[in-house]
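Peer 1: Right, I'll just put the structure down here and ask away after.
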Amino acid sequence: MKRILIVDDEPNIVMSLEYTFKKNNFEVFIARDGQEALDILKNQLPDIIILDVMMPMVDGYSTLEQIKKDERLDNCKVIFLSAKNKETDIEKGLSLGANLYITKPFSLKKLVEKVHELIN
């Protein structure tokens with residue numbers, strides 16, 4: 001079973017993503033901010049991480065910088081899912097090592113397709 005970590009502070013987004021990925025046979029882990037995500041990653045190695053940029057405590061950019069320092073996570077794919085949709089925001093996310101940057105609002109169906117493309 002593929003494993004996914006969803007990192008977002010918006011409960012409605014977390015709920016819909018969790019439901020959708022469980023329905024698609026993923027084991028789902030949830031973090032509400034970057035620090036919680038980093039704590040989970042000490043014990044779990046997901047195949048893919050869906051990461052919001054704007055969150056309390058540790059933002060998505062800083063979280064990804066920490067993820068990239070952990071060799072155990074070298075094969076883990078990261079998708080930014082963010083309301084920050086300026087070209088500079090997207091470029092920053094990709095330059096930090098994200099595999100994909102998807103802006104909100106987004107299509108759940110397309111997101112699931114992209115996740116499957118990245119991990120297969």
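Every chain in the structure tokens has a letter given in the order shown (A, B, ...), and although residue numbers restart at 1 in each chain, ligands are simply numbered from 1 in the order shown.
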Skipping near chain neighbours, those fewer than 2 positions away, what residues fall within 8 Å of stretch 31-48 of chain A using only C-alpha atoms, listed as a PyMOL selection string?

Peer 2: chain A and resi 2-10+29+50+55-60+62-63+66-67+72-73+75-79+115+119

Peer 1: For the selection you just gave me, I'd like the residues written to a file as a compact mmCIF listing (two decimals), in the first residue's frame, keeping N, CA and C atoms.

Peer 2:
# COMPACT_ATOMS: atom_id res chain seq x y z
N LYS A 2 0.55 2.19 -0.89
CA LYS A 2 1.30 3.44 -0.95
C LYS A 2 0.92 4.32 0.22
N ARG A 3 1.90 5.12 0.65
CA ARG A 3 1.70 5.97 1.84
C ARG A 3 1.81 7.43 1.43
N ILE A 4 0.89 8.24 1.99
CA ILE A 4 0.87 9.66 1.67
C ILE A 4 0.77 10.47 2.96
N LEU A 5 1.52 11.56 3.01
CA LEU A 5 1.44 12.49 4.13
C LEU A 5 0.80 13.78 3.60
N ILE A 6 -0.31 14.17 4.22
CA ILE A 6 -1.00 15.40 3.84
C ILE A 6 -0.70 16.45 4.91
N VAL A 7 -0.12 17.57 4.47
CA VAL A 7 0.27 18.63 5.41
C VAL A 7 -0.46 19.91 5.03
N ASP A 8 -1.50 20.23 5.80
CA ASP A 8 -2.30 21.42 5.51
C ASP A 8 -3.03 21.83 6.79
N ASP A 9 -3.22 23.12 6.98
CA ASP A 9 -3.89 23.59 8.19
C ASP A 9 -5.37 23.88 7.96
N GLU A 10 -5.88 23.62 6.75
CA GLU A 10 -7.30 23.84 6.46
C GLU A 10 -8.06 22.53 6.61
N PHE A 29 -1.40 9.78 6.32
CA PHE A 29 -0.94 10.44 7.54
C PHE A 29 -1.30 11.92 7.40
N ILE A 50 1.96 15.77 0.28
CA ILE A 50 1.23 16.92 -0.25
C ILE A 50 1.37 18.02 0.80
N MET A 55 1.34 27.95 6.45
CA MET A 55 0.88 27.24 7.64
C MET A 55 1.49 27.88 8.87
N PRO A 56 0.85 27.66 10.03
CA PRO A 56 1.43 28.17 11.28
C PRO A 56 2.72 27.43 11.63
N MET A 57 3.48 27.95 12.55
CA MET A 57 4.72 27.34 13.04
C MET A 57 5.79 27.29 11.96
N VAL A 58 5.81 26.24 11.15
CA VAL A 58 6.82 26.09 10.10
C VAL A 58 6.09 26.05 8.76
N ASP A 59 6.45 26.97 7.84
CA ASP A 59 5.75 26.99 6.55
C ASP A 59 6.23 25.85 5.64
N GLY A 60 5.55 25.70 4.51
CA GLY A 60 5.85 24.61 3.60
C GLY A 60 7.25 24.68 3.01
N SER A 62 10.01 25.96 4.36
CA SER A 62 10.99 25.54 5.38
C SER A 62 10.88 24.04 5.64
N THR A 63 9.65 23.52 5.61
CA THR A 63 9.45 22.09 5.81
C THR A 63 10.15 21.30 4.72
N GLN A 66 13.87 21.05 5.17
CA GLN A 66 14.24 20.03 6.16
C GLN A 66 14.11 18.62 5.57
N ILE A 67 13.04 18.40 4.80
CA ILE A 67 12.83 17.09 4.18
C ILE A 67 14.01 16.75 3.27
N ARG A 72 16.82 9.56 4.15
CA ARG A 72 15.79 8.52 4.13
C ARG A 72 14.61 8.91 3.23
N LEU A 73 14.47 10.21 2.99
CA LEU A 73 13.34 10.70 2.20
C LEU A 73 13.72 11.03 0.76
N ASN A 75 13.67 9.33 -1.91
CA ASN A 75 12.75 8.82 -2.94
C ASN A 75 11.32 9.33 -2.77
N CYS A 76 11.11 10.12 -1.75
CA CYS A 76 9.78 10.65 -1.47
C CYS A 76 9.49 11.83 -2.42
N LYS A 77 8.34 11.79 -3.06
CA LYS A 77 7.93 12.89 -3.95
C LYS A 77 7.15 13.93 -3.15
N VAL A 78 7.29 15.20 -3.55
CA VAL A 78 6.61 16.28 -2.83
C VAL A 78 5.82 17.13 -3.82
N ILE A 79 4.54 17.35 -3.47
CA ILE A 79 3.69 18.24 -4.26
C ILE A 79 3.28 19.41 -3.36
N VAL A 115 -0.58 12.40 -8.59
CA VAL A 115 0.06 11.58 -7.54
C VAL A 115 0.41 10.21 -8.11
N ILE A 119 4.31 8.54 -8.55
CA ILE A 119 4.82 7.40 -7.77
C ILE A 119 4.86 6.10 -8.56

Peer 1: Enumerate, as a short mmCIF file (atom, residue, chain, number, x, y, z; two decimals) with all heavy atoms, in the first residue's frame, the complete set of residues in chain A that a backbone-based DSSP assignment places in helix (DSSP H, G or I).

Peer 2:
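Written file, result02.cif:
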data_model
loop_
_atom_site.label_atom_id
_atom_site.label_comp_id
_atom_site.auth_asym_id
_atom_site.auth_seq_id
_atom_site.Cartn_x
_atom_site.Cartn_y
_atom_site.Cartn_z
N PRO A 11 -8.90 22.41 7.66
CA PRO A 11 -9.59 21.14 7.93
C PRO A 11 -10.39 20.59 6.74
O PRO A 11 -10.38 19.39 6.50
CB PRO A 11 -10.52 21.49 9.09
CG PRO A 11 -9.92 22.69 9.73
CD PRO A 11 -9.21 23.44 8.64
N ASN A 12 -11.06 21.47 5.98
CA ASN A 12 -11.87 20.98 4.85
C ASN A 12 -11.00 20.34 3.77
O ASN A 12 -11.38 19.32 3.18
CB ASN A 12 -12.69 22.12 4.23
CG ASN A 12 -13.78 22.60 5.18
OD1 ASN A 12 -14.13 21.90 6.14
ND2 ASN A 12 -14.31 23.78 4.93
N ILE A 13 -9.86 20.92 3.51
CA ILE A 13 -8.96 20.35 2.51
C ILE A 13 -8.40 19.02 3.02
O ILE A 13 -8.38 18.03 2.30
CB ILE A 13 -7.83 21.35 2.17
CG1 ILE A 13 -8.42 22.51 1.35
CG2 ILE A 13 -6.69 20.66 1.41
CD1 ILE A 13 -7.46 23.56 0.94
N VAL A 14 -7.98 19.01 4.27
CA VAL A 14 -7.43 17.78 4.86
C VAL A 14 -8.47 16.65 4.78
O VAL A 14 -8.15 15.53 4.37
CB VAL A 14 -6.99 18.01 6.32
CG1 VAL A 14 -6.66 16.69 7.00
CG2 VAL A 14 -5.78 18.94 6.36
N MET A 15 -9.72 16.95 5.17
CA MET A 15 -10.76 15.93 5.15
C MET A 15 -11.02 15.38 3.76
O MET A 15 -11.12 14.17 3.57
CB MET A 15 -12.07 16.47 5.75
CG MET A 15 -12.05 16.51 7.26
SD MET A 15 -13.64 16.94 8.06
CE MET A 15 -14.57 17.81 6.84
N SER A 16 -11.13 16.26 2.77
CA SER A 16 -11.42 15.78 1.41
C SER A 16 -10.24 15.00 0.84
O SER A 16 -10.43 13.98 0.19
CB SER A 16 -11.83 16.94 0.49
OG SER A 16 -10.77 17.82 0.29
N LEU A 17 -9.01 15.46 1.12
CA LEU A 17 -7.84 14.71 0.63
C LEU A 17 -7.72 13.36 1.32
O LEU A 17 -7.45 12.35 0.67
CB LEU A 17 -6.55 15.53 0.85
CG LEU A 17 -6.39 16.78 0.00
CD1 LEU A 17 -5.11 17.52 0.40
CD2 LEU A 17 -6.36 16.46 -1.48
N GLU A 18 -7.93 13.34 2.63
CA GLU A 18 -7.83 12.09 3.38
C GLU A 18 -8.84 11.08 2.84
O GLU A 18 -8.51 9.92 2.56
CB GLU A 18 -8.07 12.34 4.87
CG GLU A 18 -7.98 11.07 5.70
CD GLU A 18 -8.19 11.32 7.19
OE1 GLU A 18 -8.81 12.34 7.56
OE2 GLU A 18 -7.76 10.47 7.98
N TYR A 19 -10.08 11.51 2.68
CA TYR A 19 -11.13 10.63 2.17
C TYR A 19 -10.77 10.10 0.78
O TYR A 19 -10.84 8.90 0.51
CB TYR A 19 -12.47 11.39 2.13
CG TYR A 19 -13.56 10.60 1.47
CD1 TYR A 19 -14.23 9.59 2.16
CD2 TYR A 19 -13.93 10.85 0.16
CE1 TYR A 19 -15.24 8.85 1.55
CE2 TYR A 19 -14.94 10.12 -0.46
CZ TYR A 19 -15.58 9.12 0.24
OH TYR A 19 -16.57 8.39 -0.37
N THR A 20 -10.37 11.01 -0.10
CA THR A 20 -10.07 10.65 -1.48
C THR A 20 -8.91 9.65 -1.57
O THR A 20 -9.00 8.66 -2.29
CB THR A 20 -9.73 11.91 -2.31
OG1 THR A 20 -10.86 12.78 -2.25
CG2 THR A 20 -9.42 11.57 -3.75
N PHE A 21 -7.84 9.91 -0.83
CA PHE A 21 -6.68 9.01 -0.94
C PHE A 21 -6.92 7.67 -0.24
O PHE A 21 -6.42 6.64 -0.70
CB PHE A 21 -5.40 9.71 -0.48
CG PHE A 21 -4.90 10.66 -1.53
CD1 PHE A 21 -5.04 12.03 -1.40
CD2 PHE A 21 -4.31 10.17 -2.69
CE1 PHE A 21 -4.61 12.90 -2.39
CE2 PHE A 21 -3.88 11.02 -3.70
CZ PHE A 21 -4.03 12.39 -3.55
N LYS A 22 -7.69 7.66 0.83
CA LYS A 22 -8.04 6.38 1.45
C LYS A 22 -8.87 5.55 0.47
O LYS A 22 -8.69 4.34 0.36
CB LYS A 22 -8.80 6.58 2.76
CG LYS A 22 -7.87 6.92 3.91
CD LYS A 22 -8.59 7.00 5.25
CE LYS A 22 -7.57 7.17 6.37
NZ LYS A 22 -8.23 7.41 7.66
N LYS A 23 -9.78 6.23 -0.24
CA LYS A 23 -10.61 5.56 -1.24
C LYS A 23 -9.73 4.99 -2.37
O LYS A 23 -10.10 4.00 -3.00
CB LYS A 23 -11.62 6.56 -1.81
CG LYS A 23 -12.96 5.95 -2.16
CD LYS A 23 -13.97 7.02 -2.52
CE LYS A 23 -13.68 7.55 -3.91
NZ LYS A 23 -14.59 8.55 -4.39
N GLY A 34 4.00 22.39 9.46
CA GLY A 34 5.29 21.83 9.09
C GLY A 34 5.99 21.09 10.21
O GLY A 34 6.61 20.05 10.00
N GLN A 35 5.90 21.61 11.43
CA GLN A 35 6.58 20.95 12.55
C GLN A 35 5.98 19.58 12.82
O GLN A 35 6.70 18.61 13.03
CB GLN A 35 6.51 21.82 13.82
CG GLN A 35 7.33 21.25 14.97
CD GLN A 35 8.79 21.02 14.58
OE1 GLN A 35 9.49 21.94 14.15
NE2 GLN A 35 9.27 19.78 14.70
N GLU A 36 4.66 19.49 12.78
CA GLU A 36 3.99 18.20 12.97
C GLU A 36 4.40 17.22 11.86
O GLU A 36 4.61 16.04 12.10
CB GLU A 36 2.47 18.40 12.99
CG GLU A 36 1.72 17.19 13.50
CD GLU A 36 0.20 17.40 13.55
OE1 GLU A 36 -0.26 18.56 13.55
OE2 GLU A 36 -0.51 16.38 13.60
N ALA A 37 4.52 17.74 10.65
CA ALA A 37 4.95 16.89 9.52
C ALA A 37 6.35 16.33 9.76
O ALA A 37 6.60 15.14 9.58
CB ALA A 37 4.94 17.70 8.22
N LEU A 38 7.26 17.19 10.20
CA LEU A 38 8.64 16.75 10.45
C LEU A 38 8.68 15.72 11.57
O LEU A 38 9.46 14.76 11.51
CB LEU A 38 9.53 17.95 10.76
CG LEU A 38 9.71 18.94 9.59
CD1 LEU A 38 10.41 20.20 10.05
CD2 LEU A 38 10.45 18.29 8.42
N ASP A 39 7.82 15.88 12.57
CA ASP A 39 7.74 14.90 13.66
C ASP A 39 7.26 13.54 13.13
O ASP A 39 7.81 12.50 13.48
CB ASP A 39 6.80 15.38 14.77
CG ASP A 39 7.39 16.57 15.54
OD1 ASP A 39 8.62 16.79 15.46
OD2 ASP A 39 6.62 17.27 16.22
N ILE A 40 6.25 13.55 12.28
CA ILE A 40 5.73 12.31 11.69
C ILE A 40 6.81 11.63 10.84
O ILE A 40 6.96 10.41 10.86
CB ILE A 40 4.46 12.60 10.85
CG1 ILE A 40 3.29 12.95 11.78
CG2 ILE A 40 4.11 11.40 9.96
CD1 ILE A 40 2.06 13.47 11.07
N LEU A 41 7.57 12.45 10.11
CA LEU A 41 8.59 11.90 9.20
C LEU A 41 9.76 11.24 9.93
O LEU A 41 10.54 10.52 9.31
CB LEU A 41 9.09 12.99 8.25
CG LEU A 41 8.05 13.45 7.21
CD1 LEU A 41 8.52 14.69 6.48
CD2 LEU A 41 7.73 12.33 6.23
N GLY A 60 5.55 25.70 4.51
CA GLY A 60 5.85 24.61 3.60
C GLY A 60 7.25 24.68 3.01
O GLY A 60 7.92 23.64 2.84
N TYR A 61 7.71 25.88 2.69
CA TYR A 61 9.06 26.02 2.12
C TYR A 61 10.12 25.51 3.10
O TYR A 61 11.00 24.73 2.74
CB TYR A 61 9.36 27.48 1.75
CG TYR A 61 8.49 28.05 0.64
CD1 TYR A 61 8.01 29.35 0.72
CD2 TYR A 61 8.17 27.30 -0.50
CE1 TYR A 61 7.23 29.90 -0.29
CE2 TYR A 61 7.38 27.85 -1.51
CZ TYR A 61 6.92 29.15 -1.40
OH TYR A 61 6.15 29.69 -2.39
N SER A 62 10.01 25.96 4.36
CA SER A 62 10.99 25.54 5.38
C SER A 62 10.88 24.04 5.64
O SER A 62 11.89 23.36 5.86
CB SER A 62 10.76 26.29 6.69
OG SER A 62 10.84 27.67 6.47
N THR A 63 9.65 23.52 5.61
CA THR A 63 9.45 22.09 5.81
C THR A 63 10.15 21.30 4.72
O THR A 63 10.85 20.32 5.00
CB THR A 63 7.93 21.76 5.82
OG1 THR A 63 7.30 22.54 6.83
CG2 THR A 63 7.70 20.29 6.09
N LEU A 64 10.00 21.74 3.47
CA LEU A 64 10.64 21.03 2.37
C LEU A 64 12.17 21.09 2.49
O LEU A 64 12.86 20.11 2.20
CB LEU A 64 10.19 21.60 1.01
CG LEU A 64 10.79 20.88 -0.21
CD1 LEU A 64 10.49 19.38 -0.19
CD2 LEU A 64 10.30 21.50 -1.50
N GLU A 65 12.69 22.24 2.92
CA GLU A 65 14.15 22.34 3.11
C GLU A 65 14.64 21.28 4.10
O GLU A 65 15.68 20.66 3.90
CB GLU A 65 14.54 23.75 3.57
CG GLU A 65 14.44 24.78 2.45
CD GLU A 65 14.67 26.21 2.95
OE1 GLU A 65 14.40 26.51 4.14
OE2 GLU A 65 15.10 27.03 2.12
N GLN A 66 13.87 21.05 5.17
CA GLN A 66 14.24 20.03 6.16
C GLN A 66 14.11 18.62 5.57
O GLN A 66 14.96 17.76 5.81
CB GLN A 66 13.37 20.16 7.41
CG GLN A 66 13.60 21.43 8.20
CD GLN A 66 15.05 21.60 8.62
OE1 GLN A 66 15.66 20.69 9.17
NE2 GLN A 66 15.61 22.76 8.33
N ILE A 67 13.04 18.40 4.80
CA ILE A 67 12.83 17.09 4.18
C ILE A 67 14.01 16.75 3.27
O ILE A 67 14.49 15.61 3.26
CB ILE A 67 11.50 17.10 3.37
CG1 ILE A 67 10.31 17.13 4.34
CG2 ILE A 67 11.41 15.90 2.43
CD1 ILE A 67 8.97 17.42 3.68
N LYS A 68 14.48 17.73 2.52
CA LYS A 68 15.56 17.49 1.56
C LYS A 68 16.88 17.15 2.26
O LYS A 68 17.78 16.59 1.64
CB LYS A 68 15.73 18.70 0.63
CG LYS A 68 14.60 18.84 -0.37
CD LYS A 68 14.55 17.63 -1.28
CE LYS A 68 13.38 17.64 -2.24
NZ LYS A 68 13.27 16.39 -2.99
N GLU A 71 18.23 11.96 4.18
CA GLU A 71 18.52 11.00 3.12
C GLU A 71 17.47 9.90 3.03
O GLU A 71 17.23 9.36 1.96
CB GLU A 71 19.89 10.34 3.34
CG GLU A 71 21.04 11.28 3.09
CD GLU A 71 22.38 10.65 3.41
OE1 GLU A 71 22.43 9.45 3.74
OE2 GLU A 71 23.38 11.38 3.32
N ARG A 72 16.82 9.56 4.15
CA ARG A 72 15.79 8.52 4.13
C ARG A 72 14.61 8.91 3.23
O ARG A 72 13.86 8.06 2.78
CB ARG A 72 15.26 8.24 5.54
CG ARG A 72 16.29 7.72 6.53
CD ARG A 72 15.74 7.67 7.96
NE ARG A 72 14.99 8.88 8.31
CZ ARG A 72 13.71 8.89 8.70
NH1 ARG A 72 13.03 7.79 8.84
NH2 ARG A 72 13.11 10.04 8.98
N LEU A 73 14.47 10.21 2.99
CA LEU A 73 13.34 10.70 2.20
C LEU A 73 13.72 11.03 0.76
O LEU A 73 12.95 11.67 0.05
CB LEU A 73 12.74 11.94 2.89
CG LEU A 73 12.20 11.69 4.30
CD1 LEU A 73 11.89 13.01 4.99
CD2 LEU A 73 10.97 10.80 4.27
N GLU A 87 4.05 33.54 -9.94
CA GLU A 87 5.15 32.81 -10.60
C GLU A 87 6.34 32.65 -9.66
O GLU A 87 6.97 31.60 -9.61
CB GLU A 87 5.56 33.58 -11.88
CG GLU A 87 6.35 32.76 -12.87
CD GLU A 87 5.64 31.51 -13.37
OE1 GLU A 87 4.45 31.58 -13.73
OE2 GLU A 87 6.29 30.45 -13.40
N THR A 88 6.64 33.69 -8.87
CA THR A 88 7.79 33.63 -7.96
C THR A 88 7.59 32.57 -6.87
O THR A 88 8.53 31.88 -6.49
CB THR A 88 8.04 35.00 -7.29
OG1 THR A 88 6.82 35.46 -6.70
CG2 THR A 88 8.55 36.03 -8.28
N ASP A 89 6.34 32.42 -6.39
CA ASP A 89 6.04 31.40 -5.38
C ASP A 89 6.25 30.00 -5.96
O ASP A 89 6.85 29.12 -5.33
CB ASP A 89 4.59 31.52 -4.89
CG ASP A 89 4.31 32.86 -4.21
OD1 ASP A 89 5.18 33.31 -3.43
OD2 ASP A 89 3.25 33.44 -4.46
N ILE A 90 5.72 29.80 -7.17
CA ILE A 90 5.83 28.49 -7.83
C ILE A 90 7.29 28.17 -8.10
O ILE A 90 7.76 27.06 -7.81
CB ILE A 90 4.99 28.50 -9.13
CG1 ILE A 90 3.49 28.67 -8.78
CG2 ILE A 90 5.22 27.22 -9.93
CD1 ILE A 90 2.59 28.96 -9.95
N GLU A 91 8.03 29.15 -8.63
CA GLU A 91 9.46 28.93 -8.90
C GLU A 91 10.23 28.59 -7.63
O GLU A 91 11.09 27.72 -7.62
CB GLU A 91 10.08 30.17 -9.58
CG GLU A 91 9.72 30.29 -11.04
CD GLU A 91 10.12 31.63 -11.64
OE1 GLU A 91 10.87 32.39 -10.99
OE2 GLU A 91 9.69 31.89 -12.78
N LYS A 92 9.91 29.28 -6.54
CA LYS A 92 10.59 29.02 -5.27
C LYS A 92 10.32 27.58 -4.83
O LYS A 92 11.24 26.86 -4.43
CB LYS A 92 10.13 30.01 -4.19
CG LYS A 92 10.79 29.76 -2.84
CD LYS A 92 10.41 30.81 -1.81
CE LYS A 92 11.13 30.54 -0.49
NZ LYS A 92 10.82 31.54 0.52
N GLY A 93 9.06 27.16 -4.89
CA GLY A 93 8.70 25.80 -4.49
C GLY A 93 9.43 24.75 -5.30
O GLY A 93 9.97 23.78 -4.76
N LEU A 94 9.48 24.95 -6.61
CA LEU A 94 10.15 23.98 -7.48
C LEU A 94 11.67 24.01 -7.29
O LEU A 94 12.32 22.98 -7.30
CB LEU A 94 9.77 24.22 -8.94
CG LEU A 94 8.28 23.98 -9.26
CD1 LEU A 94 7.95 24.41 -10.67
CD2 LEU A 94 7.88 22.54 -9.01
N SER A 95 12.21 25.22 -7.06
CA SER A 95 13.67 25.32 -6.88
C SER A 95 14.12 24.66 -5.57
O SER A 95 15.26 24.21 -5.45
CB SER A 95 14.13 26.78 -6.94
OG SER A 95 13.71 27.47 -5.77
N LEU A 108 -9.62 17.63 -7.48
CA LEU A 108 -9.22 16.42 -6.75
C LEU A 108 -8.85 15.31 -7.72
O LEU A 108 -7.86 14.61 -7.53
CB LEU A 108 -10.37 15.94 -5.86
CG LEU A 108 -10.31 16.30 -4.39
CD1 LEU A 108 -11.55 15.81 -3.68
CD2 LEU A 108 -9.06 15.79 -3.72
N LYS A 109 -9.64 15.17 -8.77
CA LYS A 109 -9.40 14.11 -9.76
C LYS A 109 -8.01 14.28 -10.40
O LYS A 109 -7.24 13.33 -10.51
CB LYS A 109 -10.50 14.17 -10.82
CG LYS A 109 -10.48 13.03 -11.82
CD LYS A 109 -11.73 13.07 -12.68
CE LYS A 109 -11.73 11.94 -13.67
NZ LYS A 109 -11.22 12.30 -14.98
N LYS A 110 -7.69 15.52 -10.79
CA LYS A 110 -6.39 15.78 -11.41
C LYS A 110 -5.25 15.55 -10.42
O LYS A 110 -4.19 15.05 -10.77
CB LYS A 110 -6.33 17.21 -11.97
CG LYS A 110 -7.10 17.38 -13.26
CD LYS A 110 -6.55 18.56 -14.06
CE LYS A 110 -7.19 18.64 -15.43
NZ LYS A 110 -8.40 19.46 -15.46
N LEU A 111 -5.48 15.95 -9.16
CA LEU A 111 -4.46 15.75 -8.14
C LEU A 111 -4.16 14.26 -7.97
O LEU A 111 -3.00 13.86 -7.91
CB LEU A 111 -4.89 16.38 -6.81
CG LEU A 111 -3.93 16.18 -5.64
CD1 LEU A 111 -2.57 16.83 -5.93
CD2 LEU A 111 -4.51 16.74 -4.36
N VAL A 112 -5.20 13.46 -7.88
CA VAL A 112 -5.01 12.00 -7.74
C VAL A 112 -4.25 11.46 -8.95
O VAL A 112 -3.32 10.65 -8.80
CB VAL A 112 -6.37 11.29 -7.57
CG1 VAL A 112 -6.21 9.77 -7.65
CG2 VAL A 112 -7.01 11.68 -6.24
N GLU A 113 -4.59 11.92 -10.15
CA GLU A 113 -3.87 11.49 -11.37
C GLU A 113 -2.39 11.85 -11.27
O GLU A 113 -1.53 11.03 -11.58
CB GLU A 113 -4.49 12.14 -12.62
CG GLU A 113 -5.82 11.55 -13.01
CD GLU A 113 -6.51 12.36 -14.10
OE1 GLU A 113 -5.89 13.28 -14.68
OE2 GLU A 113 -7.70 12.08 -14.38
N LYS A 114 -2.11 13.07 -10.86
CA LYS A 114 -0.71 13.53 -10.75
C LYS A 114 0.05 12.70 -9.72
O LYS A 114 1.22 12.34 -9.92
CB LYS A 114 -0.64 15.01 -10.37
CG LYS A 114 -1.15 15.93 -11.45
CD LYS A 114 -0.25 15.90 -12.67
CE LYS A 114 -0.69 16.88 -13.72
NZ LYS A 114 0.03 16.68 -14.98
N VAL A 115 -0.58 12.40 -8.59
CA VAL A 115 0.06 11.58 -7.54
C VAL A 115 0.41 10.21 -8.11
O VAL A 115 1.52 9.73 -7.95
CB VAL A 115 -0.87 11.46 -6.30
CG1 VAL A 115 -0.41 10.33 -5.39
CG2 VAL A 115 -0.90 12.78 -5.55
N HIS A 116 -0.53 9.59 -8.82
CA HIS A 116 -0.27 8.27 -9.41
C HIS A 116 0.86 8.35 -10.43
O HIS A 116 1.72 7.46 -10.47
CB HIS A 116 -1.54 7.69 -10.03
CG HIS A 116 -2.49 7.12 -9.02
ND1 HIS A 116 -2.18 6.02 -8.25
CD2 HIS A 116 -3.73 7.50 -8.63
CE1 HIS A 116 -3.20 5.75 -7.44
NE2 HIS A 116 -4.14 6.65 -7.64
N GLU A 117 0.89 9.42 -11.24
CA GLU A 117 1.97 9.59 -12.22
C GLU A 117 3.33 9.66 -11.52
O GLU A 117 4.30 9.05 -11.96
CB GLU A 117 1.77 10.86 -13.04
CG GLU A 117 0.74 10.75 -14.13
CD GLU A 117 0.43 12.10 -14.76
OE1 GLU A 117 1.30 13.02 -14.72
OE2 GLU A 117 -0.69 12.26 -15.29
N LEU A 118 3.39 10.44 -10.45
CA LEU A 118 4.67 10.64 -9.75
C LEU A 118 5.20 9.39 -9.08
O LEU A 118 6.41 9.20 -9.03
CB LEU A 118 4.53 11.74 -8.68
CG LEU A 118 4.65 13.17 -9.14
CD1 LEU A 118 4.39 14.12 -7.99
CD2 LEU A 118 6.02 13.45 -9.73
N ILE A 119 4.31 8.54 -8.55
CA ILE A 119 4.82 7.40 -7.77
C ILE A 119 4.86 6.10 -8.56
O ILE A 119 5.32 5.09 -8.05
CB ILE A 119 4.06 7.22 -6.44
CG1 ILE A 119 2.59 6.98 -6.67
CG2 ILE A 119 4.30 8.39 -5.51
CD1 ILE A 119 1.81 6.76 -5.38
#

Peer 1: Go ahead and compute the interatomic distance for atom CA of A:Gly97 and atom CA of A:Met1, in Å to one decimal.

Peer 2: 24.7 Å

Peer 1: Please report the interatomic distance between atom CA of A:Asn24 and atom CA of A:Lys69 in Å with one decimal.

Peer 2: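 Answer for the atom CA of A:Asn24 to atom CA of A:Lys69 separation: 29.6 Å.
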
Peer 1: At a cut-off of 7 Å, using only C-alpha atoms, what residues contact stretch 82-86 of chain A? Leave out same-chain residues fewer than 5 positions from it and give the result as number ranges by chain.

Peer 2: A: 52-53, 102-104

Peer 1: For the residues in the current selection, export all heavy atoms as a PDB file, in the first residue's frame.

Peer 2:
ATOM      1  N   ASP A  52       1.169  22.122   1.973  1.00  0.00           N
ATOM      2  CA  ASP A  52       0.695  23.498   1.844  1.00  0.00           C
ATOM      3  C   ASP A  52       1.882  24.428   2.098  1.00  0.00           C
ATOM      4  O   ASP A  52       2.839  24.047   2.771  1.00  0.00           O
ATOM      5  CB  ASP A  52      -0.410  23.744   2.885  1.00  0.00           C
ATOM      6  CG  ASP A  52      -1.090  25.090   2.732  1.00  0.00           C
ATOM      7  OD1 ASP A  52      -0.952  25.722   1.669  1.00  0.00           O
ATOM      8  OD2 ASP A  52      -1.768  25.512   3.680  1.00  0.00           O
ATOM      9  N   VAL A  53       1.836  25.641   1.558  1.00  0.00           N
ATOM     10  CA  VAL A  53       2.923  26.597   1.804  1.00  0.00           C
ATOM     11  C   VAL A  53       2.651  27.420   3.059  1.00  0.00           C
ATOM     12  O   VAL A  53       3.473  27.505   3.961  1.00  0.00           O
ATOM     13  CB  VAL A  53       3.142  27.533   0.587  1.00  0.00           C
ATOM     14  CG1 VAL A  53       4.148  28.623   0.930  1.00  0.00           C
ATOM     15  CG2 VAL A  53       3.623  26.731  -0.617  1.00  0.00           C
ATOM     16  N   ILE A 102       0.926  22.731  -7.367  1.00  0.00           N
ATOM     17  CA  ILE A 102      -0.461  22.857  -7.805  1.00  0.00           C
ATOM     18  C   ILE A 102      -1.103  23.983  -6.993  1.00  0.00           C
ATOM     19  O   ILE A 102      -0.969  24.039  -5.779  1.00  0.00           O
ATOM     20  CB  ILE A 102      -1.221  21.534  -7.601  1.00  0.00           C
ATOM     21  CG1 ILE A 102      -0.599  20.449  -8.492  1.00  0.00           C
ATOM     22  CG2 ILE A 102      -2.710  21.702  -7.892  1.00  0.00           C
ATOM     23  CD1 ILE A 102      -1.175  19.059  -8.282  1.00  0.00           C
ATOM     24  N   THR A 103      -1.818  24.880  -7.691  1.00  0.00           N
ATOM     25  CA  THR A 103      -2.423  26.014  -7.004  1.00  0.00           C
ATOM     26  C   THR A 103      -3.881  25.714  -6.642  1.00  0.00           C
ATOM     27  O   THR A 103      -4.572  24.986  -7.355  1.00  0.00           O
ATOM     28  CB  THR A 103      -2.346  27.289  -7.865  1.00  0.00           C
ATOM     29  OG1 THR A 103      -2.953  27.031  -9.137  1.00  0.00           O
ATOM     30  CG2 THR A 103      -0.909  27.727  -8.070  1.00  0.00           C
ATOM     31  N   LYS A 104      -4.304  26.268  -5.504  1.00  0.00           N
ATOM     32  CA  LYS A 104      -5.702  26.173  -5.067  1.00  0.00           C
ATOM     33  C   LYS A 104      -6.482  27.291  -5.745  1.00  0.00           C
ATOM     34  O   LYS A 104      -5.929  28.368  -5.915  1.00  0.00           O
ATOM     35  CB  LYS A 104      -5.793  26.344  -3.544  1.00  0.00           C
ATOM     36  CG  LYS A 104      -5.107  25.249  -2.741  1.00  0.00           C
ATOM     37  CD  LYS A 104      -5.155  25.594  -1.255  1.00  0.00           C
ATOM     38  CE  LYS A 104      -4.374  24.605  -0.408  1.00  0.00           C
ATOM     39  NZ  LYS A 104      -4.311  24.996   1.000  1.00  0.00           N
TER      40      LYS A 104
END

Peer 1: What is the atom CA of A:Asp70-atom CA of A:Phe106 distance in Å, reported with one decimal?

Peer 2: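 Value for the atom CA of A:Asp70-atom CA of A:Phe106 distance: 29.1 Å.
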